[in-house]
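The structure appears right after this line, and notes come after that.
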Amino acid sequence: MPTVAPPELTAPFAPGGENAIDAALAQRLLSIALESGGDSADLYFEFRVTADYSLQEEQVKTVGRGVTLGLGVRVVKGDATGYAYTEDLAWERMAHAARIAGQIATGGGAARPVAAHTVELPDFYPVARPSLVEAPADKLALLRAADRAARAADPRIVKVEASFVEQLKEILVFTSDGTMARDVLPLLRFGVSAVAEQGGKRQGGSSGGGGRYGLDYFAQAEKDAAAHGREAARIALAMLDAREAPAGEMPVVLGPGDSGILLHEAVGHGLEADFNRKETSNYSGQLGQLVASPLCTVVDDGTIGSSRGSINVDDEGSPGRRNVLIENGILVGYMHDRMSARHYQRAPSGNGRRESFRSMPLPRMTNTLLLAGPHGHDEIVASVKRGIYARRFSGGQVNISNGDFVFSLTESYLIEDGKLTAPLKGVNLIGNGPEVLRKVDMLGSDYQLSDGIWTCGKDGQSVPVGVGTPSVRIASITVGGTQA
Amino acid sequence: MSASVSESVVTELVEVAKSIVRLCELAGADASEVLVKDGSELTVKVRMGQPELVQEAGSRAVGLRVFKHGRRAVTYTSDLRRHALESFVAESVALAALAEPDEHGRLPDPDELAREVPDLDLYDDAVAGVDAAWAMKQCVAGEAAARGFDPRVTNSEGATWSRTVGATAFATSGGFAGGFRGSYASFYVEPLCDDGSDPANPKKRNGYWWTADRFLARLDDPEAVGREAARRTVATLGSRKIPTQECAVVFDPEVGRSIVGTVFSVANGSSFWRKSTYLLDREGTAVASPLVTITDDPHLPRAPGSRPFDGDGLPTRKNVLVRDGVLETVLCDVYSARKLGRRSTGSAGRGIGGNPGPTTSNLILAAGTGTRAALLADTGRGLYVTSMMGFGFNPVTGDFSRGAQGFWIEAGELTFPVSEITVSCNFDDLLKRIDRVAEDLDLRSSTACATFRVSHMTVAGT
């Protein structure tokens, strides 16, 4: 049984709520949406409560809370989408949104919605008590614990900021082909940043985590608030000695976990089926071909317990799934939403996601993983004569059409004669997705899932995602330092 | 369905904001600020001559900041049912008790507040009047012009026409109440080419061009936008890396504006009091080349970033951040100004769900002299950058490293296209090395500049 929202956080459209939506009412709305001749339609009801707490200068200065409620209506006619939404769940407003969305279709016989049946869902994130119902004092205590731990780490830590954001989202999806799905998605994210100062030089470090948890997240080893505070301080202090990074092509070793962001940018987006349906991706038309080093098996997995990117059901009613994208270097599948699945004549892969009821769903990643390989971490580092070891990242970006991507390192080290030596100032790596994946020549056995901090943007829509990877050696990639 | 926003809608929205201020008082708040936004959007997208998306909707949301015993909470809701709103206000006041008192976090002093709301001509009813069918025609025409421009344009990410119109109202228990309406329309075309110049790794190449304005009649023709998008896309065919080196780097206004935006990110009151900027303690000193003057001007009529009052309810005003290379002012809201022991520059921005903070209006790097062609001729050899990727900037240290794409300059002219490289140097050096600014100021966006040159940066490639 998925997470159940407590009464005060239950959606107005839930059974017994003020705007309770049942299958019969949904079917009436879907009929209106389809009356201009659309092929199919869906309804997406969303109720989201968010709270945030932030600490600066050893004080919790502001607490925040937000409530979002609305309905998005989509009508599909061929490859065209009509979309409308309303924040008001009065019948007239919902019916109006359905009619507006339906205008994409101009004639043709009106399809009739099929009576909805409820989709049985798995439960990848059972949370007995959502953090939103826990005492606020407990959350303030987390911020203070992180702040104290970071300051206690070293007198050179001069500034600490910490934040805690929590959310509970209830969704209800109806499709005109008879699907009805309801889910409650908890999500929390904790973050700490620290600044160290020495001899006029300043450097920053940060650490964070979270996922689809209750406050039990913090009971895990090395994931308590103080551990995040110490980690932020450690990075800031290490970076005080950072020197200018080199510039040019050289071998790069990616540490386990967070480095999955490279995978997300280098191949993940290019395997979202909308780009391939339109033949605008570098990976278009390459199913069955070798697109990466045979060491590489890449999976998008929405079913990992409590991970930030996991979903019991996607935002168009398809259950979350584990999908293999690249197997031993060979491209075997794309990530689909309903629209692209229909084009490719296959089942949706559970990747139809959207930021909110104000946006139409798109094929999106959930948790994107590079599976473990045969090599030991130390063996990989020892193999590099001169190169870079990348440990922490602030983010990345990709150009889907040509596959060029960058990602930004916030903690990295020079490798000299097989050993980590000097820390390096912040630097970008730039490469081409398919080329870089072919250049993966060692892969660690030390697979790790990154802690839950990543958010992915596409077409202006943000969704939470996860990444995971073992240590990876890339034979050669361009490092964007200043030491030519 | 017209999305027209009449003056009476603004007046009504201000009354809604004032009524919620009263609700806060009844709920026991010592002070409150209420932001109400009401708007509608239309987005139409065409791809390969066929409709791909029509999205149309209106929405309204309320953002609240309440104070109780010197403590504050920031809340928002889109659930505007009357009883939901009442309990939301009560919860917000209760929430404030969880925060700690902050002496700087109180309402602006009454003498700081705006007394009137100037009309900056920010709304065009013609934008509101556009319907999906008309927008669709623009898209079809613009995309067709792009695809017909050159046979090498083989595919398309489509053409998108979109508009937003709406009203903003802000009321505070400190005595401010005001509102204004605005409109904004934009049109964007993104063609694609197949690039087989490297048979071992065939690629697709994309490019784009756009037009945007608050006034419908001032948008460029869709065909002209489509052709320029195609010209820019075809020009990238055969892009290649260049060797790692130091060289002159010229920034097209399309990317130069992000450099100007980066200046603001290290020259605002919030980054100053939080000590998260390398420019700390540098006011009154040279932080850039004498060719650099950067102003923030919220009063330009019809301009995209203009606004009659700020997110604290203060009058907006023109501020000079950098004059002839000297850092003159950093942009402050009331809170950051108090933290720094000074007065607000009237630069507060405020979203529905957050505290106010310093923001820009129309942030402009003043134009220099001479054409872009003259600047290139003067450059001899170097890199011309047309797009950048990634977020490689550390505000505390100024370290700057971003992915780049563009053209190689040889004998004063653009030659072959370049991609998959990075441009890097410390931002402090970058600003001081600006040794030429052209006259071609591009005012389509709220952060603006002309073409400019940095005398030398590290380019990392092969």
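In the structure tokens, the first chain shown is A, the next is B, and so on; residue numbers restart at 1 for each chain, and ligands run from 1 in the order shown.
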
Note to self: Please find the residues of chain A near chain B - the criterion being any atom within 6 Å, counting only C-alpha atoms - and write them as a PyMOL selection string.
What the structure shows: chain A and resi 60-69+80-85+247-249+396-397+401-402+406+408+427-428+480+482+484

May I have the residues from that selection written out with N, CA, C and O atoms, as a short mmCIF file (atom, residue, chain, number, x, y, z; two decimals), in the first residue's frame?
data_model
loop_
_atom_site.label_atom_id
_atom_site.label_comp_id
_atom_site.auth_asym_id
_atom_site.auth_seq_id
_atom_site.Cartn_x
_atom_site.Cartn_y
_atom_site.Cartn_z
N VAL A 60 17.56 30.28 12.30
CA VAL A 60 16.51 29.91 11.35
C VAL A 60 15.70 31.17 11.10
O VAL A 60 14.91 31.59 11.94
N LYS A 61 15.96 31.81 9.94
CA LYS A 61 15.39 33.15 9.74
C LYS A 61 14.00 33.14 9.16
O LYS A 61 13.21 34.03 9.41
N THR A 62 13.73 32.18 8.30
CA THR A 62 12.42 32.13 7.65
C THR A 62 11.96 30.70 7.56
O THR A 62 12.75 29.81 7.30
N VAL A 63 10.68 30.50 7.78
CA VAL A 63 10.11 29.20 7.44
C VAL A 63 9.06 29.45 6.37
O VAL A 63 8.43 30.49 6.32
N GLY A 64 8.93 28.47 5.49
CA GLY A 64 8.01 28.67 4.38
C GLY A 64 7.11 27.48 4.18
O GLY A 64 7.41 26.36 4.64
N ARG A 65 5.98 27.74 3.53
CA ARG A 65 5.04 26.67 3.25
C ARG A 65 4.28 27.03 1.97
O ARG A 65 3.99 28.20 1.72
N GLY A 66 4.02 26.03 1.16
CA GLY A 66 3.29 26.31 -0.08
C GLY A 66 2.29 25.21 -0.39
O GLY A 66 2.51 24.04 -0.06
N VAL A 67 1.19 25.63 -0.99
CA VAL A 67 0.16 24.67 -1.37
C VAL A 67 -0.15 24.86 -2.86
O VAL A 67 -0.38 25.97 -3.31
N THR A 68 -0.12 23.77 -3.60
CA THR A 68 -0.42 23.81 -5.03
C THR A 68 -1.54 22.82 -5.30
O THR A 68 -1.45 21.67 -4.88
N LEU A 69 -2.56 23.28 -6.02
CA LEU A 69 -3.69 22.41 -6.33
C LEU A 69 -4.14 22.70 -7.75
O LEU A 69 -4.28 23.86 -8.13
N ALA A 80 -0.13 15.71 -32.31
CA ALA A 80 -0.38 17.03 -31.73
C ALA A 80 -1.03 16.92 -30.36
O ALA A 80 -1.82 16.01 -30.10
N THR A 81 -0.67 17.85 -29.49
CA THR A 81 -1.18 17.87 -28.11
C THR A 81 -1.92 19.17 -27.84
O THR A 81 -1.41 20.24 -28.16
N GLY A 82 -3.09 19.07 -27.24
CA GLY A 82 -3.77 20.24 -26.71
C GLY A 82 -3.69 20.16 -25.20
O GLY A 82 -3.90 19.08 -24.61
N TYR A 83 -3.37 21.28 -24.53
CA TYR A 83 -3.19 21.22 -23.08
C TYR A 83 -3.81 22.44 -22.42
O TYR A 83 -3.67 23.56 -22.91
N ALA A 84 -4.48 22.20 -21.33
CA ALA A 84 -5.05 23.30 -20.55
C ALA A 84 -5.06 22.88 -19.09
O ALA A 84 -4.98 21.69 -18.78
N TYR A 85 -5.12 23.88 -18.21
CA TYR A 85 -5.15 23.53 -16.79
C TYR A 85 -5.98 24.54 -16.01
O TYR A 85 -6.28 25.63 -16.50
N ALA A 247 44.54 22.38 -18.69
CA ALA A 247 43.65 22.51 -19.84
C ALA A 247 44.10 21.56 -20.92
O ALA A 247 45.30 21.41 -21.16
N GLY A 248 43.14 20.89 -21.56
CA GLY A 248 43.48 20.02 -22.68
C GLY A 248 42.96 18.61 -22.48
O GLY A 248 42.27 18.32 -21.49
N GLU A 249 43.26 17.71 -23.42
CA GLU A 249 42.76 16.33 -23.34
C GLU A 249 43.65 15.48 -22.45
O GLU A 249 44.87 15.55 -22.55
N GLY A 396 25.45 19.67 -14.84
CA GLY A 396 25.89 19.53 -16.22
C GLY A 396 24.81 19.95 -17.18
O GLY A 396 23.70 20.32 -16.80
N GLN A 397 25.14 19.91 -18.46
CA GLN A 397 24.21 20.30 -19.51
C GLN A 397 24.60 19.58 -20.79
O GLN A 397 25.77 19.30 -21.01
N SER A 401 21.12 17.38 -29.78
CA SER A 401 21.30 17.06 -31.20
C SER A 401 22.71 16.63 -31.53
O SER A 401 22.89 15.71 -32.32
N ASN A 402 23.72 17.27 -30.96
CA ASN A 402 25.07 16.81 -31.34
C ASN A 402 25.74 15.99 -30.24
O ASN A 402 26.82 15.44 -30.45
N VAL A 406 28.70 19.25 -21.08
CA VAL A 406 29.69 19.71 -20.11
C VAL A 406 29.22 19.26 -18.75
O VAL A 406 28.03 19.05 -18.52
N SER A 408 30.35 20.19 -14.44
CA SER A 408 31.20 21.06 -13.62
C SER A 408 31.66 20.31 -12.39
O SER A 408 30.84 19.79 -11.64
N VAL A 427 36.39 23.28 -12.23
CA VAL A 427 36.71 23.17 -13.64
C VAL A 427 35.60 22.39 -14.35
O VAL A 427 34.88 21.62 -13.73
N ASN A 428 35.47 22.64 -15.65
CA ASN A 428 34.50 21.91 -16.46
C ASN A 428 35.17 20.82 -17.25
O ASN A 428 36.32 20.97 -17.68
N GLY A 480 38.70 21.62 -18.93
CA GLY A 480 38.67 23.06 -19.23
C GLY A 480 39.34 23.93 -18.20
O GLY A 480 38.77 24.91 -17.76
N THR A 482 42.80 26.29 -16.74
CA THR A 482 43.43 27.51 -17.25
C THR A 482 44.91 27.31 -17.55
O THR A 482 45.54 28.18 -18.13
N ALA A 484 47.28 26.08 -19.73
CA ALA A 484 47.43 25.54 -21.09
C ALA A 484 48.76 24.80 -21.23
O ALA A 484 49.74 25.17 -20.60
#

Neighbour list for segment 407-416 of chain B as a PyMOL selection string, cut-off 9 Å, only C-alpha atoms, skip fewer than 2 positions in-chain | chain B and resi 235-240+242+373-386+405+418-419

Resulting file, chosen residues, N, CA, C and O atoms, as an mmCIF file, in the first residue's frame:
data_model
loop_
_atom_site.group_PDB
_atom_site.id
_atom_site.type_symbol
_atom_site.label_atom_id
_atom_site.label_comp_id
_atom_site.auth_asym_id
_atom_site.auth_seq_id
_atom_site.Cartn_x
_atom_site.Cartn_y
_atom_site.Cartn_z
ATOM 1 N N ALA B 235 25.694 27.323 -40.553
ATOM 2 C CA ALA B 235 27.068 27.794 -40.327
ATOM 3 C C ALA B 235 27.849 26.896 -39.372
ATOM 4 O O ALA B 235 29.079 26.922 -39.347
ATOM 5 N N THR B 236 27.147 26.063 -38.580
ATOM 6 C CA THR B 236 27.869 25.218 -37.613
ATOM 7 C C THR B 236 28.310 23.885 -38.223
ATOM 8 O O THR B 236 28.983 23.093 -37.555
ATOM 9 N N LEU B 237 27.916 23.613 -39.470
ATOM 10 C CA LEU B 237 28.287 22.329 -40.090
ATOM 11 C C LEU B 237 29.806 22.199 -40.178
ATOM 12 O O LEU B 237 30.491 23.122 -40.616
ATOM 13 N N GLY B 238 30.295 21.038 -39.771
ATOM 14 C CA GLY B 238 31.743 20.799 -39.811
ATOM 15 C C GLY B 238 32.474 21.332 -38.590
ATOM 16 O O GLY B 238 33.708 21.451 -38.590
ATOM 17 N N SER B 239 31.734 21.644 -37.510
ATOM 18 C CA SER B 239 32.384 22.160 -36.291
ATOM 19 C C SER B 239 33.461 21.206 -35.809
ATOM 20 O O SER B 239 33.296 19.989 -35.869
ATOM 21 N N ARG B 240 34.548 21.756 -35.346
ATOM 22 C CA ARG B 240 35.615 20.910 -34.817
ATOM 23 C C ARG B 240 36.302 21.578 -33.636
ATOM 24 O O ARG B 240 36.136 22.773 -33.381
ATOM 25 N N ILE B 242 39.612 22.857 -31.485
ATOM 26 C CA ILE B 242 40.879 23.515 -31.821
ATOM 27 C C ILE B 242 41.892 23.171 -30.738
ATOM 28 O O ILE B 242 41.505 22.732 -29.647
ATOM 29 N N ALA B 373 31.973 44.035 -37.387
ATOM 30 C CA ALA B 373 32.967 43.700 -38.417
ATOM 31 C C ALA B 373 34.299 44.387 -38.125
ATOM 32 O O ALA B 373 35.370 43.787 -38.271
ATOM 33 N N ALA B 374 34.209 45.648 -37.684
ATOM 34 C CA ALA B 374 35.442 46.380 -37.365
ATOM 35 C C ALA B 374 36.142 45.738 -36.173
ATOM 36 O O ALA B 374 37.378 45.644 -36.141
ATOM 37 N N LEU B 375 35.359 45.288 -35.209
ATOM 38 C CA LEU B 375 35.945 44.623 -34.036
ATOM 39 C C LEU B 375 36.661 43.335 -34.464
ATOM 40 O O LEU B 375 37.785 43.071 -34.027
ATOM 41 N N LEU B 376 36.010 42.559 -35.333
ATOM 42 C CA LEU B 376 36.631 41.316 -35.800
ATOM 43 C C LEU B 376 37.906 41.624 -36.580
ATOM 44 O O LEU B 376 38.943 40.981 -36.391
ATOM 45 N N ALA B 377 37.835 42.615 -37.472
ATOM 46 C CA ALA B 377 39.006 42.971 -38.292
ATOM 47 C C ALA B 377 40.178 43.338 -37.397
ATOM 48 O O ALA B 377 41.325 42.973 -37.650
ATOM 49 N N ASP B 378 39.852 44.038 -36.318
ATOM 50 C CA ASP B 378 40.877 44.483 -35.377
ATOM 51 C C ASP B 378 41.458 43.317 -34.575
ATOM 52 O O ASP B 378 42.558 43.383 -34.040
ATOM 53 N N THR B 379 40.677 42.225 -34.497
ATOM 54 C CA THR B 379 41.091 41.103 -33.661
ATOM 55 C C THR B 379 42.172 40.252 -34.326
ATOM 56 O O THR B 379 43.013 39.655 -33.651
ATOM 57 N N GLY B 380 42.149 40.169 -35.647
ATOM 58 C CA GLY B 380 43.143 39.334 -36.306
ATOM 59 C C GLY B 380 42.812 37.881 -36.159
ATOM 60 O O GLY B 380 42.093 37.316 -36.961
ATOM 61 N N ARG B 381 43.289 37.235 -35.085
ATOM 62 C CA ARG B 381 42.936 35.844 -34.849
ATOM 63 C C ARG B 381 42.438 35.636 -33.430
ATOM 64 O O ARG B 381 42.823 36.372 -32.499
ATOM 65 N N GLY B 382 41.562 34.645 -33.273
ATOM 66 C CA GLY B 382 41.003 34.382 -31.952
ATOM 67 C C GLY B 382 39.732 33.564 -32.085
ATOM 68 O O GLY B 382 39.467 32.979 -33.130
ATOM 69 N N LEU B 383 38.963 33.535 -31.008
ATOM 70 C CA LEU B 383 37.743 32.723 -30.979
ATOM 71 C C LEU B 383 36.535 33.639 -30.872
ATOM 72 O O LEU B 383 36.511 34.559 -30.051
ATOM 73 N N TYR B 384 35.502 33.376 -31.709
ATOM 74 C CA TYR B 384 34.233 34.106 -31.631
ATOM 75 C C TYR B 384 33.211 33.143 -31.024
ATOM 76 O O TYR B 384 32.931 32.091 -31.590
ATOM 77 N N VAL B 385 32.670 33.479 -29.859
ATOM 78 C CA VAL B 385 31.786 32.553 -29.131
ATOM 79 C C VAL B 385 30.322 32.927 -29.374
ATOM 80 O O VAL B 385 29.921 34.067 -29.163
ATOM 81 N N THR B 386 29.540 31.929 -29.836
ATOM 82 C CA THR B 386 28.110 32.168 -30.091
ATOM 83 C C THR B 386 27.200 31.460 -29.097
ATOM 84 O O THR B 386 26.031 31.782 -28.988
ATOM 85 N N GLN B 405 30.959 27.216 -27.980
ATOM 86 C CA GLN B 405 30.796 26.875 -29.393
ATOM 87 C C GLN B 405 30.887 28.187 -30.159
ATOM 88 O O GLN B 405 30.496 29.236 -29.640
ATOM 89 N N VAL B 418 33.605 26.031 -34.591
ATOM 90 C CA VAL B 418 34.342 25.376 -33.508
ATOM 91 C C VAL B 418 33.339 24.884 -32.472
ATOM 92 O O VAL B 418 32.357 25.579 -32.176
ATOM 93 N N SER B 419 33.557 23.662 -31.943
ATOM 94 C CA SER B 419 32.718 23.208 -30.833
ATOM 95 C C SER B 419 33.529 22.313 -29.907
ATOM 96 O O SER B 419 34.681 21.982 -30.198
#

Set the distance at 12 Å and use only C-alpha atoms: which residues neighbour Arg147 of chain B once local chain neighbours fewer than 3 positions away are removed? I'd like the list as number ranges by chain.
B: 47-49, 140-144, 150-159, 189-193, 223, 225-231, 233-234

Write the residues you've just listed into a file as a compact mmCIF listing (two decimals), in the first residue's frame, and include N, CA, C and O atoms for each of them.
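Final output, selection_3.txt:
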# COMPACT_ATOMS: atom_id res chain seq x y z
N ARG B 47 5.80 21.71 -35.66
CA ARG B 47 7.02 21.02 -36.06
C ARG B 47 6.78 20.31 -37.39
O ARG B 47 5.79 19.62 -37.54
N MET B 48 7.70 20.48 -38.32
CA MET B 48 7.59 19.91 -39.67
C MET B 48 6.23 20.25 -40.29
O MET B 48 5.56 19.41 -40.88
N GLY B 49 5.83 21.50 -40.10
CA GLY B 49 4.61 21.99 -40.73
C GLY B 49 3.32 21.59 -40.05
O GLY B 49 2.24 22.00 -40.47
N VAL B 140 4.03 28.31 -38.59
CA VAL B 140 4.13 27.63 -39.88
C VAL B 140 5.02 28.45 -40.82
O VAL B 140 5.94 27.92 -41.47
N ALA B 141 4.80 29.78 -40.85
CA ALA B 141 5.57 30.64 -41.75
C ALA B 141 7.05 30.67 -41.36
O ALA B 141 7.95 30.58 -42.20
N GLY B 142 7.31 30.80 -40.06
CA GLY B 142 8.70 30.90 -39.60
C GLY B 142 9.48 29.61 -39.82
O GLY B 142 10.63 29.62 -40.27
N GLU B 143 8.82 28.48 -39.52
CA GLU B 143 9.51 27.21 -39.70
C GLU B 143 9.75 26.92 -41.18
O GLU B 143 10.81 26.44 -41.58
N ALA B 144 8.74 27.24 -42.01
CA ALA B 144 8.89 27.01 -43.45
C ALA B 144 10.05 27.84 -44.00
O ALA B 144 10.83 27.37 -44.85
N ASP B 150 17.86 26.59 -46.93
CA ASP B 150 19.04 25.87 -47.42
C ASP B 150 18.70 24.38 -47.42
O ASP B 150 18.13 23.88 -46.44
N PRO B 151 19.03 23.66 -48.49
CA PRO B 151 18.68 22.23 -48.52
C PRO B 151 19.34 21.43 -47.41
O PRO B 151 18.91 20.31 -47.10
N ARG B 152 20.40 21.99 -46.83
CA ARG B 152 21.07 21.25 -45.74
C ARG B 152 20.26 21.28 -44.44
O ARG B 152 20.59 20.57 -43.49
N VAL B 153 19.24 22.11 -44.38
CA VAL B 153 18.32 22.06 -43.22
C VAL B 153 17.39 20.88 -43.46
O VAL B 153 16.51 20.93 -44.31
N THR B 154 17.62 19.78 -42.74
CA THR B 154 16.91 18.54 -43.02
C THR B 154 15.86 18.18 -41.98
O THR B 154 15.08 17.26 -42.17
N ASN B 155 15.88 18.86 -40.86
CA ASN B 155 14.96 18.49 -39.79
C ASN B 155 14.69 19.74 -38.96
O ASN B 155 15.26 20.81 -39.24
N SER B 156 13.83 19.60 -37.97
CA SER B 156 13.44 20.79 -37.22
C SER B 156 13.00 20.40 -35.82
O SER B 156 12.34 19.38 -35.63
N GLU B 157 13.39 21.22 -34.86
CA GLU B 157 12.83 21.08 -33.51
C GLU B 157 11.58 21.94 -33.41
O GLU B 157 10.97 22.03 -32.37
N GLY B 158 11.25 22.63 -34.51
CA GLY B 158 9.99 23.34 -34.56
C GLY B 158 10.09 24.84 -34.33
O GLY B 158 11.17 25.40 -34.13
N ALA B 159 8.93 25.47 -34.40
CA ALA B 159 8.79 26.90 -34.14
C ALA B 159 7.76 27.07 -33.03
O ALA B 159 6.75 26.38 -33.03
N VAL B 189 12.60 29.80 -33.36
CA VAL B 189 12.69 28.76 -34.38
C VAL B 189 14.00 27.98 -34.20
O VAL B 189 15.05 28.59 -33.98
N GLU B 190 13.92 26.65 -34.27
CA GLU B 190 15.12 25.83 -34.08
C GLU B 190 15.25 24.77 -35.18
O GLU B 190 14.67 23.68 -35.08
N PRO B 191 15.99 25.05 -36.23
CA PRO B 191 16.20 24.06 -37.30
C PRO B 191 17.34 23.10 -36.97
O PRO B 191 18.15 23.37 -36.07
N LEU B 192 17.39 21.99 -37.72
CA LEU B 192 18.47 21.01 -37.55
C LEU B 192 19.08 20.64 -38.89
O LEU B 192 18.39 20.62 -39.91
N CYS B 193 20.37 20.31 -38.85
CA CYS B 193 21.07 19.82 -40.02
C CYS B 193 21.75 18.51 -39.65
O CYS B 193 22.08 18.28 -38.50
N GLU B 223 9.26 35.03 -40.82
CA GLU B 223 10.14 34.54 -41.89
C GLU B 223 11.58 34.98 -41.63
O GLU B 223 12.52 34.21 -41.84
N VAL B 225 12.97 35.62 -38.78
CA VAL B 225 13.49 34.83 -37.65
C VAL B 225 13.89 33.44 -38.13
O VAL B 225 14.97 32.92 -37.80
N GLY B 226 13.03 32.83 -38.95
CA GLY B 226 13.31 31.49 -39.48
C GLY B 226 14.58 31.46 -40.32
O GLY B 226 15.41 30.56 -40.17
N ARG B 227 14.72 32.45 -41.20
CA ARG B 227 15.91 32.48 -42.06
C ARG B 227 17.19 32.65 -41.23
O ARG B 227 18.20 32.00 -41.47
N GLU B 228 17.14 33.54 -40.24
CA GLU B 228 18.33 33.77 -39.41
C GLU B 228 18.67 32.51 -38.61
O GLU B 228 19.84 32.16 -38.44
N ALA B 229 17.64 31.81 -38.13
CA ALA B 229 17.87 30.56 -37.40
C ALA B 229 18.56 29.55 -38.31
O ALA B 229 19.51 28.87 -37.91
N ALA B 230 18.09 29.46 -39.56
CA ALA B 230 18.68 28.50 -40.50
C ALA B 230 20.12 28.90 -40.85
O ALA B 230 21.02 28.05 -40.90
N ARG B 231 20.33 30.20 -41.07
CA ARG B 231 21.69 30.67 -41.40
C ARG B 231 22.66 30.29 -40.27
O ARG B 231 23.75 29.78 -40.51
N THR B 233 22.33 27.89 -38.11
CA THR B 233 22.47 26.44 -37.97
C THR B 233 23.41 25.88 -39.04
O THR B 233 24.33 25.11 -38.74
N VAL B 234 23.19 26.27 -40.28
CA VAL B 234 24.02 25.79 -41.38
C VAL B 234 25.50 26.16 -41.14
O VAL B 234 26.41 25.39 -41.45

One decimal place gives the atom CA of Asp111 of chain B-atom CA of Thr359 of chain B separation as 21.7 Å

Set the distance at 7 Å and use only C-alpha atoms: which residues neighbour Arg386 of chain A once local chain neighbours fewer than 4 positions away are removed? I'd like the list as number ranges by chain.
A: 415-417

Since we have the selection now, will you write its residues out, keeping N, CA and C atoms, as an mmCIF file, in the first residue's frame?
data_model
loop_
_atom_site.group_PDB
_atom_site.id
_atom_site.type_symbol
_atom_site.label_atom_id
_atom_site.label_comp_id
_atom_site.auth_asym_id
_atom_site.auth_seq_id
_atom_site.Cartn_x
_atom_site.Cartn_y
_atom_site.Cartn_z
ATOM 1 N N ILE A 415 45.882 13.557 -10.725
ATOM 2 C CA ILE A 415 46.501 12.238 -10.534
ATOM 3 C C ILE A 415 47.888 12.308 -11.161
ATOM 4 N N GLU A 416 48.896 12.015 -10.346
ATOM 5 C CA GLU A 416 50.271 11.978 -10.863
ATOM 6 C C GLU A 416 50.867 10.635 -10.473
ATOM 7 N N ASP A 417 51.375 9.909 -11.478
ATOM 8 C CA ASP A 417 51.968 8.595 -11.255
ATOM 9 C C ASP A 417 51.068 7.689 -10.413
#

Practice prompt. Would you please extract all strand (DSSP E) residues from segment 114-294 of chain A, as assigned by DSSP on the backbone, and give them as a ChimeraX atom specification?
Written response: /A:117-118,157-175,179-198,201-211,247-254

Apply DSSP to the structure's backbone, then extract all residues of segment 320-350 of chain B labelled helix (DSSP H, G or I) and return them as a list in words.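 Everything in segment 320-350 of chain B that counts as helix (DSSP H, G or I) is Val334, Tyr335, Ser336, Ala337, Arg338 and Lys339 of chain B.
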